[in-house]
Structures are given as C-alpha cells and as structure tokens.
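What follows is a short report on a single structure.
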Amino acid sequence: MINRFLDPYDAGNTNVLGDLGSLATYLNEGRLTFIGPEDLSEVALRSSWRVTEEEDSGKIVGMVALSPNHAPRGFFGLIADMVVRPEYRRKGIAGKLLDDIVKEAKRQRMRWLCAMINPDQEAAKLFLKKGFVPDANGGLRLDISSP
C-alpha cells in the first residue's frame, strides 16, 4: 500500500475521481456520490487529503481529509471524511492514515485536531487509541502543541 496526498493534478484522473466517489458513497450511507474535477481541484487546494492506494493497481482504498480552521484560541484542523473500503478494514490502513494526518497537522503548526465523531461509535475506538479525548462539542479532540 502507498500513502500519498492528493493534489490538483488528480482532478484530471478519472480513476481517482471514481475511487473517491465510491468511497464517499460509504460516507453517505450508500447514496451514490459524484465528485467532479472542479470539486477535487477546489478541495485539494484548501485541504490536505491523504489516500492509501494499492501498489499494483493504484486503486484508492482509504482516505481522510484535514481541513485548516482558525478560531479565537488558535489554528486547528478538522479531520473529516475518513473511510476505508470494507474489504480492506482491520489491516491498519485507518491507523496509518490518521498518523499521517496528525504529522501533517503538526507540520502546519496546528494547535489541536477535532474529529466530529461520537465517542460511542465503533470508529471512535481508533481515535481514542491515538490519544483523542471527548470534547465539549460532542466530538473528539487531540491537543498537538502548546500555546
């Protein structure tokens, strides 16, 4: 498996667009999602999207997004759209994606990360294992730097 960040050039690759669309379908509870080139170009410029691809086929099997945000208390990141294809789950892919996004957030000098995931959800176990804690907004939070 290869982990990499998406970039605006991926917007011209129909295989990448199709793979992201099918992964987004899982996020939307089975509702088919279409991601167009303009959508991906815009998102790639504003956010950091980490994907995991099969080495031989280039098929994207997992993804996670990190969106930068500013608040009165500092610069932080929102983790969104984390998903791994069902047939690739329980192989460490999500953990590696999350580790890479935390590293990227530190590189960008973000103060904390938020994940809008209910701490009672099954997927929250990974975030809790990686040091996230429940926050006052009903999601999870990881402090990654001092003020």
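We name chains A, B, ... following the order of the structure tokens; residues begin at 1 in each chain, and ligands are numbered from 1 as shown.
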Problem set entry | Residue neighbourhood A:Lys130, 10 Å, only C-alpha atoms, exclusion window fewer than 3 positions, as a ChimeraX atom specification | /A:95,98-99,102,124-127,133,142
Exercise. Could you pull the residues within 12 Å of stretch 118-123 of chain A, counting only C-alpha atoms, minus those fewer than 2 positions along the same chain, as number ranges by chain?
Worked result: A: 82-84, 89-90, 94-95, 98, 114-116, 125-130, 132-141
May I have the residues from that selection written out with C-alpha atoms, as a PDB file, in the first residue's frame?
ATOM      1  CA  MET A  82     -12.218   9.185   6.974  1.00  0.00           C
ATOM      2  CA  VAL A  83     -13.158   5.911   5.341  1.00  0.00           C
ATOM      3  CA  VAL A  84     -11.579   2.606   4.294  1.00  0.00           C
ATOM      4  CA  ARG A  89     -10.626  -2.784   7.031  1.00  0.00           C
ATOM      5  CA  ARG A  90      -8.828  -4.180  10.066  1.00  0.00           C
ATOM      6  CA  ALA A  94      -7.053   3.790   9.017  1.00  0.00           C
ATOM      7  CA  GLY A  95      -4.439   3.993  11.763  1.00  0.00           C
ATOM      8  CA  LEU A  98      -4.668   9.049  10.984  1.00  0.00           C
ATOM      9  CA  CYS A 114     -11.048  17.883  16.051  1.00  0.00           C
ATOM     10  CA  ALA A 115     -12.965  14.910  14.737  1.00  0.00           C
ATOM     11  CA  MET A 116     -16.739  15.201  14.695  1.00  0.00           C
ATOM     12  CA  LYS A 125     -12.031   3.487  19.215  1.00  0.00           C
ATOM     13  CA  LEU A 126      -9.179   4.219  16.815  1.00  0.00           C
ATOM     14  CA  PHE A 127      -9.201   7.931  17.631  1.00  0.00           C
ATOM     15  CA  LEU A 128      -9.282   7.229  21.379  1.00  0.00           C
ATOM     16  CA  LYS A 129      -6.399   4.753  20.982  1.00  0.00           C
ATOM     17  CA  LYS A 130      -4.392   7.510  19.240  1.00  0.00           C
ATOM     18  CA  PHE A 132      -8.034  11.846  21.196  1.00  0.00           C
ATOM     19  CA  VAL A 133     -10.390  12.650  24.062  1.00  0.00           C
ATOM     20  CA  PRO A 134     -14.097  13.597  24.117  1.00  0.00           C
ATOM     21  CA  ASP A 135     -14.670  17.346  23.879  1.00  0.00           C
ATOM     22  CA  ALA A 136     -17.474  19.699  24.905  1.00  0.00           C
ATOM     23  CA  ASN A 137     -18.901  19.751  21.354  1.00  0.00           C
ATOM     24  CA  GLY A 138     -19.698  16.023  21.299  1.00  0.00           C
ATOM     25  CA  GLY A 139     -16.703  15.076  19.141  1.00  0.00           C
ATOM     26  CA  LEU A 140     -13.113  14.113  19.819  1.00  0.00           C
ATOM     27  CA  ARG A 141     -10.062  16.336  20.238  1.00  0.00           C
TER      28      ARG A 141
END
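In terms of minimum interatomic distance to A:Pro68, A:Gln108 ranks closest within A:Ser22, A:Thr52, A:Gln108, A:Ser145, counting only C-alpha atoms.
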For this session: Apply DSSP to the backbone of this structure and, from chain A, keep only the residues in alpha helix (DSSP H); write these as a PyMOL selection string.
Result: chain A and resi 14-27+37-46+93-107+124-129
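Here atom CA of A:Leu20 and atom CA of A:Trp112 stand 26.5 Å from one another.
Among the candidate residues A:Glu53, A:Glu87, A:Asp81, A:Asp143, the one lying nearest to A:Phe5 is A:Glu53, with distances computed using only C-alpha atoms.
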